[in-house]
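Participant: Take a look at this one; I'll ask things after.
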Amino acid sequence: MTAAPRDAWREAGRRLLAKAVEEFAYEELLVPEPEHEHEAEHEAEHEAEHEHEAEHKHAAEPAPGPSSGPAAYRLDLGDGVRWTFRAARGAFGAWRLVPGTLRRRPSPGDGEEAGPERLLLDAREALGWDGPTTAEALRELTATRRAEAEVIARDLPAAALADLDHLELEAHQDGHPCMLLNKGRLGFSASDAAAYAPEAAGEVRLRWIAVHTGLASYAGVPGLDAGVLLAEELDAATRERFAAALAAACARGPHGADDFVWLPVHPFHWDEAVATLFAPYLADGRIVSLGEGPDRYRPLQSVRTLANLDHPGRRNVKVPLLVRNTLVWRGLSTEPTKAAPDISAWLHSIRDADPYLRDELRFHPLGEVASVAVRHPLYASVADAPYRYHELLGAVWREPVAALLRDGERARTMAALLKTGSDGRALVAELVERSGLAPRAWLARFLAALLPGLLHCLYRHGVAFCPHGENTVVLYDAAETPVGIALKDFAEDVNLLPGRRPEYAGLPERADAVLLRWPAHELAHSLLSAVFAGHFRFFAPLVEEHLDVPEADFWSLVRAEVDRYHARFPELSDRFEEFGLLAPSFDRVALNREQLLGGGFHDRAERDEGFDVVHGTVANPLATASPLTEPAPRAQHPEHARHPGHAGHAEHEESR
C-alpha cells in the first residue's frame with residue numbers, strides 16, 4: 001500500500017468530516033445551534049471569493065432534503081471557532097449535511113486543511129478529551145482516513161460493483177455507517193494494511209500450528225470431529241506434511257502426536273502475538289509450528305474472518321488478531337469460542353423444527369460449526385488483565401455463503417446496499433434496474449427477504465441476532481431480486497431473554513453459559529438499533545435520492561412488512577407489545593460515545609460493561625408510518641424455496 005493519491009485523500013477527508021458532524025450531532029456529542037440564514041449566506045459568499053476553482057468543481061450539488069428543507073446551523077467550539085453548515089433532518093432526528101456547505105470560521109490558514117482532524121482538535125474541550133485520548137483519536141482517524149482513501153482510489157462504477165462476487169465486493173465497502181473511526185485497525189503497520197486489510201483485496205496464506213490438549217480444546221457440531229474437519233479443510237498432501245512436522249517435534253519431546261489439536265493462525269498474529277506471547281509453550285513443545293497452508297484466503301470486512309479463494313466450498317475461518325478496530329480488540333474469547341458449535345447446532349435445530357423458517361423462508365444462520373480454543377496459563381491467572389490477553393489464540397470455522405447459492409444467485413452483505421459507485425450511482429439503483437421491478441416493488445421484496453425470519457426468531461423463539469449490515473448477507477436470484485438472508489456471528493452476538501423459558505429447553509449447557517440475557521425491550525434493539533437506526537437510517541435517504549421513493553414511503557413499506565408478520569401470527573400479540581418494535585420512541589444507541597468516551601474501555605478486563613452505551617431517545621418512524629394505499633408486492637417463495645442446508649447435515653457436510 002503506497003501513499004494515498006492526493007484526490008482520494010482529500011475526498012476521504014471530506015467524507016469523514018461530514019460524517020463526524022452528522023454522527024456526533026446525532027449522538028449529541030456536539031450540539032448544533034440554528035444559524036441566521038442571512039449571516040450564513042453572507043459568510044459563504046465572502047469565503048467563496050477566495051476558494052480555489054477546483055474546490056467549486058469538486059463540490060457536489062446539494063441533495064434534496066425532506067419536505068421541510070435544509071436549514072443553516074453552527075457549532076460553537078470555543079476560542080472564537082465556529083463551524084457552519086446547512087443540513088436537513090431525517091428519521092430518528094438524523095442530520096444530513098448539504099454537500100459543500102461545511103466550513104470553519106476562521107479558516108485554518110497557513111495552507112492547513114479544514115478537515116476532520118481539525119474538527120476533532122477544535123472539539124476537544126467540548127468532548128472532554130485529555131491529551132492521551134486526543135492523541136489516540138487522531139491516530140485512529142488518520143488510519144481510518146488512509147483506509148478510506150484506499151477504497152476511494154480503487155472504486156468502481158455501480159454497474160461494475162454489481163458484477164462482483166461477494167468476496168470481491170468486500171474490498172469496496174465503506175465500513176460501519178454509524179462510527180467515524182471505523183477502519184483504524186490499530187496495530188497494523190502500513191505494510192500489514194497493504195497485505196491484510198479488506199480494501200487491499202490481497203491474498204493471505206495461513207500458518208498452521210498444533211497445540212497440546214493441555215492448552216487447547218476442539219469442539220464441533222455432531223458428526224464433525226477434528227479428523228473430519230481437517231480432512232475437509234486440508235488436502236491429503238498438506239495433512240501428511242503437517243503430520244510429519246508434528247511427529248518430528250514430538251520425537252524430541254515428551255508429548256505424543258495424538259495429544260495435539262491443529263488450528264490455523266493469521267501470519268500477522270503469529271508474528272505479533274503467538275511467537276512472542278506464547279514463547280514459553282513453543283519452547284517446551286506444547287505448541288508446534290506445522291508450516292504454511294497452501295490455500296489463499298481473503299479477509300472480509302471484519303478483518304479477522306477470511307474466506308477461501310481456492311476452494312470456495314471450504315469454510316470461512318475466524319482467527320484472532322492483536323488489532324484494535326472500532327470498539328474492540330479483535331481476539332477470540334475462550335469460552336464463547338468453545339461454545340460456538342453448540343450455539344450453531346441449537347440455532348439450526350430451531351430453524352429445522354419450525355415450518356415457517358424451514359419451508360417458507362430462505363433463512364440461513366451460517367453455522368460456526370467447529371472451533372479450537374487455546375488458553376494462556378500465565379494470563380489466565382491474571383483475571384483482571386485487559387480482556388485482549390484472554391483472547392489470544394483460537395479459531396472458528398463457519399459455513400461459507402457460497403454453499404447456499406443456487407444457479408444464478410448472488411450474495412452481498414446488506415452493508416453493500418449503502419454503496420455508491422465512482423460514477424455517483426448507487427449500487428441499489430443498479431440492482432433495481434436489472435431486476436426489472438419498480439423501485440417500491442423491489443424494496444418490498446428486499447424487506448420480505450430480510451425481516452420475517454428476524455421477527456420470527458425474536459417473537460416466537462426469543463432469539464436475537466446482531467443483524468447489522470456486515471452480519472447480514474442478502475441472497476439474490478438471477479434477476480437481482482432479494483430472496484432471503486444468511487446471518488453471521490453467533491458465539492458473542494446472539495442474545496436471549498432472561499429466565500428458563502420453554503423456548504430454551506434444548507439449549508446446550510455450554511451455550512447457556514455464554515449467551516447474554518436481556519429484557520424484551522432491550523433485546524428488540526437487535527432490530528431497532530442494528531437494522532432500523534443502524535442501517536435504514538442511511539438506506540432510506542439513499543433510496544429517496546436514487547430510487548425516487550420518498551423516505552416516508554420507505555418507512556411505510558417497513559411498517560407494512562412488520563404488520564404483515566403480526567397479522568400472520570396473532571397468537572404472539574402479547575409479545576408484540578412486550579418487544580415494542582412499534583413504540584413511539586426507543587433508546588438511542590451511541591457507538592461513537594462508547595468508542596470515544598468509554599473511560600478506559602480498551603484496557604479493562606471485561607469486553608462489555610453493558611448492552612450498549614445509550615444516550616437519550618429517538619422517535620421511532622415505524623410508530624407514525626402511514627399505511628400503504630395498496631398492498632406491497634411480496635417475495636414469492638416457490639415450492640423449492642426450502643433452504644439447501646435443511647436436508648440434513650450429511651448432505652451438505654462440505655458447506656459447514
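Order determines the names: the first chain of the C-alpha cells is A, the second B, and so forth; residues in each chain are numbered 1 upward, and ligands are numbered 1 upward as they are shown.
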Which residues, written as a compact mmCIF listing (two decimals) with N, CA and C atoms, in the first residue's frame, have at least one atom at most 6 Å from range 612-618 of chain A, with only C-alpha atoms counted and residues fewer than 5 positions away on the same chain left out?

Facilitator:
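Printed below is out_23.txt as written:
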# COMPACT_ATOMS: atom_id res chain seq x y z
N PHE A 92 -35.33 9.54 12.99
CA PHE A 92 -34.54 9.41 14.22
C PHE A 92 -33.85 10.72 14.58
N SER A 585 -40.98 5.68 20.77
CA SER A 585 -39.56 6.03 20.84
C SER A 585 -38.79 4.87 21.46
N PHE A 586 -37.47 4.91 21.31
CA PHE A 586 -36.61 3.93 21.95
C PHE A 586 -35.25 4.56 22.22
N ASP A 587 -34.45 3.89 23.04
CA ASP A 587 -33.14 4.42 23.42
C ASP A 587 -32.24 4.57 22.20
N ARG A 588 -31.50 5.66 22.18
CA ARG A 588 -30.52 5.88 21.13
C ARG A 588 -29.21 5.18 21.50
N VAL A 589 -28.81 4.20 20.71
CA VAL A 589 -27.51 3.57 20.89
C VAL A 589 -26.45 4.50 20.30
N ALA A 590 -25.44 4.81 21.08
CA ALA A 590 -24.46 5.84 20.72
C ALA A 590 -23.07 5.21 20.65
N GLU A 594 -19.52 5.39 22.93
CA GLU A 594 -18.89 4.22 23.54
C GLU A 594 -17.42 4.14 23.18

Participant: Skipping near chain neighbours, those fewer than 3 positions away, what residues fall within 9 Å of Ala245 in chain A using only C-alpha atoms, listed as a PyMOL selection string?

Facilitator: chain A and resi 240-242+248-250+288-291

Participant: Kindly export the residues of the current selection with C-alpha atoms, as a short mmCIF file (atom, residue, chain, number, x, y, z; two decimals), in the first residue's frame.

Facilitator:
data_model
loop_
_atom_site.label_atom_id
_atom_site.label_comp_id
_atom_site.auth_asym_id
_atom_site.auth_seq_id
_atom_site.Cartn_x
_atom_site.Cartn_y
_atom_site.Cartn_z
CA GLU A 240 0.90 -35.52 5.58
CA ARG A 241 3.41 -32.65 5.58
CA PHE A 242 1.98 -31.23 8.81
CA ALA A 248 9.49 -34.78 14.28
CA ALA A 249 8.80 -32.29 17.06
CA CYS A 250 7.28 -34.96 19.32
CA VAL A 288 4.43 -26.80 17.40
CA SER A 289 4.67 -24.85 14.15
CA LEU A 290 3.47 -27.07 11.30
CA GLY A 291 4.01 -24.77 8.32
#

Participant: Identify, on the basis of only C-alpha atoms, every residue whose closest approach to Ala448 in chain A does not exceed 12 Å; exclude the query and any residue fewer than 4 positions from it along the same chain; express the result as a ChimeraX atom specification.

Facilitator: /A:360-363,441-444,452-455,474-475,481-485,557-565,632-637

Participant: Apply DSSP to the structure's backbone, then extract all residues of range 452-588 of chain A labelled strand (DSSP E) and return them as a list in words.

Facilitator: Val463, Ala464, Thr472, Val473, Val474, Leu475, Tyr476, Pro482, Val483, Gly484, Ile485, Ala486, Leu487, Asn495, Leu496, Ser585, Phe586, Asp587 and Arg588 of chain A

Participant: Pull N, CA, C and O atoms from the residues just selected and write them as a PDB file, in the first residue's frame.

Facilitator:
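Okay, this is what ended up in result-v6.pdb:
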ATOM      1  N   VAL A 463     -35.000 -15.252  20.394  1.00  0.00           N
ATOM      2  CA  VAL A 463     -33.607 -15.241  19.960  1.00  0.00           C
ATOM      3  C   VAL A 463     -33.357 -13.979  19.148  1.00  0.00           C
ATOM      4  O   VAL A 463     -34.067 -13.702  18.175  1.00  0.00           O
ATOM      5  N   ALA A 464     -32.362 -13.218  19.550  1.00  0.00           N
ATOM      6  CA  ALA A 464     -31.982 -12.005  18.829  1.00  0.00           C
ATOM      7  C   ALA A 464     -30.582 -12.175  18.266  1.00  0.00           C
ATOM      8  O   ALA A 464     -29.634 -12.484  19.000  1.00  0.00           O
ATOM      9  N   THR A 472     -25.352  -9.418   8.083  1.00  0.00           N
ATOM     10  CA  THR A 472     -26.499  -9.871   7.303  1.00  0.00           C
ATOM     11  C   THR A 472     -26.112  -9.932   5.836  1.00  0.00           C
ATOM     12  O   THR A 472     -25.708  -8.930   5.246  1.00  0.00           O
ATOM     13  N   VAL A 473     -26.221 -11.106   5.255  1.00  0.00           N
ATOM     14  CA  VAL A 473     -25.914 -11.322   3.842  1.00  0.00           C
ATOM     15  C   VAL A 473     -27.232 -11.525   3.110  1.00  0.00           C
ATOM     16  O   VAL A 473     -28.014 -12.407   3.472  1.00  0.00           O
ATOM     17  N   VAL A 474     -27.483 -10.691   2.110  1.00  0.00           N
ATOM     18  CA  VAL A 474     -28.718 -10.788   1.331  1.00  0.00           C
ATOM     19  C   VAL A 474     -28.466 -11.690   0.130  1.00  0.00           C
ATOM     20  O   VAL A 474     -27.455 -11.552  -0.575  1.00  0.00           O
ATOM     21  N   LEU A 475     -29.390 -12.622  -0.108  1.00  0.00           N
ATOM     22  CA  LEU A 475     -29.320 -13.532  -1.250  1.00  0.00           C
ATOM     23  C   LEU A 475     -30.227 -13.005  -2.357  1.00  0.00           C
ATOM     24  O   LEU A 475     -31.355 -12.587  -2.102  1.00  0.00           O
ATOM     25  N   TYR A 476     -29.726 -13.030  -3.598  1.00  0.00           N
ATOM     26  CA  TYR A 476     -30.459 -12.505  -4.749  1.00  0.00           C
ATOM     27  C   TYR A 476     -30.606 -13.609  -5.788  1.00  0.00           C
ATOM     28  O   TYR A 476     -29.672 -14.402  -6.004  1.00  0.00           O
ATOM     29  N   PRO A 482     -34.070  -9.749  -4.226  1.00  0.00           N
ATOM     30  CA  PRO A 482     -33.762 -10.389  -2.942  1.00  0.00           C
ATOM     31  C   PRO A 482     -34.726 -11.544  -2.655  1.00  0.00           C
ATOM     32  O   PRO A 482     -35.941 -11.415  -2.828  1.00  0.00           O
ATOM     33  N   VAL A 483     -34.151 -12.672  -2.202  1.00  0.00           N
ATOM     34  CA  VAL A 483     -34.980 -13.852  -1.924  1.00  0.00           C
ATOM     35  C   VAL A 483     -34.761 -14.419  -0.526  1.00  0.00           C
ATOM     36  O   VAL A 483     -35.502 -15.296  -0.093  1.00  0.00           O
ATOM     37  N   GLY A 484     -33.756 -13.944   0.211  1.00  0.00           N
ATOM     38  CA  GLY A 484     -33.508 -14.475   1.544  1.00  0.00           C
ATOM     39  C   GLY A 484     -32.285 -13.853   2.162  1.00  0.00           C
ATOM     40  O   GLY A 484     -31.660 -12.954   1.576  1.00  0.00           O
ATOM     41  N   ILE A 485     -31.939 -14.334   3.348  1.00  0.00           N
ATOM     42  CA  ILE A 485     -30.765 -13.811   4.047  1.00  0.00           C
ATOM     43  C   ILE A 485     -29.987 -14.946   4.702  1.00  0.00           C
ATOM     44  O   ILE A 485     -30.529 -16.018   4.986  1.00  0.00           O
ATOM     45  N   ALA A 486     -28.717 -14.683   4.922  1.00  0.00           N
ATOM     46  CA  ALA A 486     -27.872 -15.519   5.765  1.00  0.00           C
ATOM     47  C   ALA A 486     -27.306 -14.625   6.858  1.00  0.00           C
ATOM     48  O   ALA A 486     -27.039 -13.433   6.624  1.00  0.00           O
ATOM     49  N   LEU A 487     -27.122 -15.174   8.052  1.00  0.00           N
ATOM     50  CA  LEU A 487     -26.677 -14.394   9.208  1.00  0.00           C
ATOM     51  C   LEU A 487     -25.373 -14.944   9.751  1.00  0.00           C
ATOM     52  O   LEU A 487     -25.155 -16.165   9.787  1.00  0.00           O
ATOM     53  N   ASN A 495     -28.302 -13.106  21.509  1.00  0.00           N
ATOM     54  CA  ASN A 495     -28.772 -12.801  22.859  1.00  0.00           C
ATOM     55  C   ASN A 495     -30.154 -13.391  23.069  1.00  0.00           C
ATOM     56  O   ASN A 495     -30.922 -13.595  22.120  1.00  0.00           O
ATOM     57  N   LEU A 496     -30.478 -13.643  24.349  1.00  0.00           N
ATOM     58  CA  LEU A 496     -31.731 -14.292  24.718  1.00  0.00           C
ATOM     59  C   LEU A 496     -32.464 -13.465  25.770  1.00  0.00           C
ATOM     60  O   LEU A 496     -31.914 -12.519  26.334  1.00  0.00           O
ATOM     61  N   SER A 585     -40.975   5.677  20.767  1.00  0.00           N
ATOM     62  CA  SER A 585     -39.564   6.029  20.837  1.00  0.00           C
ATOM     63  C   SER A 585     -38.789   4.875  21.461  1.00  0.00           C
ATOM     64  O   SER A 585     -39.363   3.960  22.053  1.00  0.00           O
ATOM     65  N   PHE A 586     -37.475   4.914  21.305  1.00  0.00           N
ATOM     66  CA  PHE A 586     -36.614   3.931  21.954  1.00  0.00           C
ATOM     67  C   PHE A 586     -35.252   4.562  22.222  1.00  0.00           C
ATOM     68  O   PHE A 586     -34.939   5.646  21.706  1.00  0.00           O
ATOM     69  N   ASP A 587     -34.451   3.886  23.038  1.00  0.00           N
ATOM     70  CA  ASP A 587     -33.144   4.420  23.419  1.00  0.00           C
ATOM     71  C   ASP A 587     -32.240   4.569  22.198  1.00  0.00           C
ATOM     72  O   ASP A 587     -32.203   3.702  21.317  1.00  0.00           O
ATOM     73  N   ARG A 588     -31.500   5.661  22.183  1.00  0.00           N
ATOM     74  CA  ARG A 588     -30.523   5.885  21.129  1.00  0.00           C
ATOM     75  C   ARG A 588     -29.214   5.181  21.497  1.00  0.00           C
ATOM     76  O   ARG A 588     -28.578   5.521  22.500  1.00  0.00           O
TER      77      ARG A 588
END

Participant: For Leu30 in chain A, find every residue with an atom within 10 Å (counting only C-alpha atoms), except residues of its own chain fewer than 6 positions away, and show them as a list of chain:residue names.

Facilitator: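 In the requested format, the answer is A:Ala20, A:Val21, A:Glu22, A:Glu23, A:Phe24, A:Leu75, A:Asp76, A:Leu77, A:Ala123, A:Ala126, A:Leu127.
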
Participant: Skip Leu215 in chain A itself and residues of its chain fewer than 2 positions away, then list as a ChimeraX atom specification all residues within 6 Å of it, counting only C-alpha atoms.

Facilitator: /A:212-213,374-375

Participant: Kindly indicate which residue among A:Asn182, A:Asp423, A:Ala18, A:Pro254 lies nearest to Thr101 in chain A, using only C-alpha atoms for the distances.

Facilitator: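 Checking each of A:Asn182, A:Asp423, A:Ala18, A:Pro254 against Thr101 in chain A, counting only C-alpha atoms, the winner is A:Ala18.
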
Participant: Could you list, as a list in words, every residue within 10 Å of Ser529 in chain A, counting only C-alpha atoms and ignoring same-chain residues fewer than 3 positions away?

Facilitator: Cys466, Pro467, His468, Glu522, Ala524, His525, Ser526, Phe532, Ala533, Gly534, His535, Phe536, Arg537, Phe586, Asp587, Arg588, Val589 and Ala590 of chain A

Participant: Which polymer residues have any atom within 9 Å of an atom of Arg296 in chain A, counting only C-alpha atoms, with same-chain residues fewer than 2 positions away left out, as a list in words?

Facilitator: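 Once the nearby chain positions are removed, what remains is Glu203, Val204, Arg205, Leu206, Gly293, Pro294, Arg298, Ala307, Asn308, Leu309, Asp310 and His311 of chain A.
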